[in-house]
Every structure is written in C-alpha cells, then in structure tokens.
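Written below as structure tokens is the structure these notes are about.
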Amino acid sequence: MIEDGDSTVCIDPSLPFLNLIGKKYTMMVLGVIGNLGNRKNFNEILRDIPYSSATIISKRLKELYDLGLIERNVGVDGVTYSLTKLGESLRESLLPLLHLAEKID
C-alpha cells in the first residue's frame, strides 16, 4: 500500500504490470515505438535497441500486447506496432522518472 494524501493505492493488482515494466528492454520498446510517428515494424524496433535480440524483443512485444499497451497492425506493408492510449499514457508517465534517473550518478 502507498499513501497518497487522503487516499491509499493498493499495489497488488498492479504487480503483473509493474513486473513487465521492470523487465529488460520493456521501457526501451515503449520508447522506440512512441518515437517519431508511433508506428514501427519489428526490424525498426530491433535496430533501435542496442544489444537486444530478436527473441527478447518478440517476447516483450507479445507481453505489451497482452496487457493492452501496444497494438499489432497488419497492413500491405507488413506488421507494425503502435502504442494504445494506455501505452501512450504509460510512456508519458515514465518520462519524469527517466529524467530523474539521468541526474543520478
């Protein structure tokens, strides 16, 4: 439980979500998909995440899809991924945390 002024937030229902956010490359995948147009194909995502592997990126995409954070779009140009409204909100919510982390030595 986390106290927030007059309210209390229970963490337990959020554990699957929080566990995914803490996994390797999850935040990077969300970041890359949301960059410059919010629509990327698998190879663009893989290319933009240094030292990642196709296996782990594929796994993260499936997990993000299963939680409703990204959409998988099939078109004439192939498969692309984009953030859902929830995914966009999460990405925006992570930015202050990431800016704070930049200040930590």
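Ligands are numbered from 1 in the order shown, chains are lettered A, B, ... in the order of the structure tokens, and residues start at 1 in each chain.
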(request) Could you pull out the residues in region 5-55 of chain A that DSSP calls strand (DSSP E or B) from the backbone, as a PyMOL selection string? (result) chain A and resi 7-9+40-41
(message) Quick one: residues within 7 Å of region 18-35 of chain A, only C-alpha atoms, excluding same-chain residues fewer than 5 positions away - as a PyMOL selection string?
(response) chain A and resi 40+45+48-49+60+81-83+91
Export of the given selection (N, CA and C atoms) as an mmCIF file, in the first residue's frame:
data_model
loop_
_atom_site.group_PDB
_atom_site.id
_atom_site.type_symbol
_atom_site.label_atom_id
_atom_site.label_comp_id
_atom_site.auth_asym_id
_atom_site.auth_seq_id
_atom_site.Cartn_x
_atom_site.Cartn_y
_atom_site.Cartn_z
ATOM 1 N N LYS A 40 5.986 1.399 -35.640
ATOM 2 C CA LYS A 40 7.269 0.820 -36.023
ATOM 3 C C LYS A 40 7.089 -0.646 -36.395
ATOM 4 N N ILE A 45 12.297 -1.602 -34.502
ATOM 5 C CA ILE A 45 12.397 -1.696 -33.041
ATOM 6 C C ILE A 45 13.705 -2.385 -32.660
ATOM 7 N N ASP A 48 16.762 -0.184 -33.222
ATOM 8 C CA ASP A 48 16.867 0.982 -32.347
ATOM 9 C C ASP A 48 17.152 0.641 -30.884
ATOM 10 N N ILE A 49 17.236 -0.641 -30.556
ATOM 11 C CA ILE A 49 17.544 -1.056 -29.185
ATOM 12 C C ILE A 49 18.878 -1.805 -29.209
ATOM 13 N N ARG A 60 8.859 -9.344 -25.528
ATOM 14 C CA ARG A 60 8.355 -8.103 -24.920
ATOM 15 C C ARG A 60 7.161 -7.556 -25.704
ATOM 16 N N TYR A 81 3.764 -2.028 -35.139
ATOM 17 C CA TYR A 81 3.308 -1.924 -33.753
ATOM 18 C C TYR A 81 3.132 -0.457 -33.420
ATOM 19 N N SER A 82 2.095 -0.160 -32.649
ATOM 20 C CA SER A 82 1.852 1.209 -32.199
ATOM 21 C C SER A 82 1.356 1.167 -30.762
ATOM 22 N N LEU A 83 1.508 2.292 -30.071
ATOM 23 C CA LEU A 83 1.042 2.385 -28.696
ATOM 24 C C LEU A 83 -0.466 2.591 -28.670
ATOM 25 N N ARG A 91 3.956 5.690 -21.357
ATOM 26 C CA ARG A 91 5.210 6.266 -21.874
ATOM 27 C C ARG A 91 5.401 7.684 -21.338
#
(request) Could you find all residues in region 40-74 of chain A that DSSP calls helix (DSSP H, G or I) from the backbone, and write them as a VMD selection string? (result) chain A and resid 42 to 48 54 to 66
Could you save the residues just selected, with C-alpha atoms, as a PDB file, in the first residue's frame?
ATOM      1  CA  PHE A  42       9.825  -5.284 -35.815  1.00  0.00           C
ATOM      2  CA  ASN A  43      13.146  -4.596 -37.544  1.00  0.00           C
ATOM      3  CA  GLU A  44      12.988  -0.876 -36.701  1.00  0.00           C
ATOM      4  CA  ILE A  45      12.397  -1.696 -33.041  1.00  0.00           C
ATOM      5  CA  LEU A  46      15.200  -4.262 -33.000  1.00  0.00           C
ATOM      6  CA  ARG A  47      17.605  -1.873 -34.744  1.00  0.00           C
ATOM      7  CA  ASP A  48      16.867   0.982 -32.347  1.00  0.00           C
ATOM      8  CA  ALA A  54      15.048 -10.771 -31.803  1.00  0.00           C
ATOM      9  CA  THR A  55      13.890 -13.358 -29.266  1.00  0.00           C
ATOM     10  CA  ILE A  56      13.642 -10.967 -26.323  1.00  0.00           C
ATOM     11  CA  ILE A  57      12.089  -8.139 -28.359  1.00  0.00           C
ATOM     12  CA  SER A  58       9.495 -10.536 -29.746  1.00  0.00           C
ATOM     13  CA  LYS A  59       8.685 -11.687 -26.212  1.00  0.00           C
ATOM     14  CA  ARG A  60       8.355  -8.103 -24.920  1.00  0.00           C
ATOM     15  CA  LEU A  61       6.081  -7.151 -27.827  1.00  0.00           C
ATOM     16  CA  LYS A  62       3.774 -10.065 -27.004  1.00  0.00           C
ATOM     17  CA  GLU A  63       3.709  -9.153 -23.300  1.00  0.00           C
ATOM     18  CA  LEU A  64       2.981  -5.494 -24.057  1.00  0.00           C
ATOM     19  CA  TYR A  65       0.255  -6.550 -26.486  1.00  0.00           C
ATOM     20  CA  ASP A  66      -1.284  -8.910 -23.920  1.00  0.00           C
TER      21      ASP A  66
END
(request) Using only C-alpha atoms, find the one residue out of A:Ile11, A:Ile2, A:Asn41, A:Pro16 that sits nearest to Asn73 (chain A). (result)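 Smallest distance to Asn73 (chain A) is found for A:Asn41.
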(message) Quick check, in Å to one decimal: how far apart do CA of Leu15 (chain A) and CA of Leu90 (chain A) lie?
(response) 15.0 Å
(message) To one decimal place in Å, what is the distance between CA of Lys85 (chain A) and CA of Gly68 (chain A)?
(response)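 Computing the Euclidean distance for CA of Lys85 (chain A) and CA of Gly68 (chain A) yields 9.1 Å.
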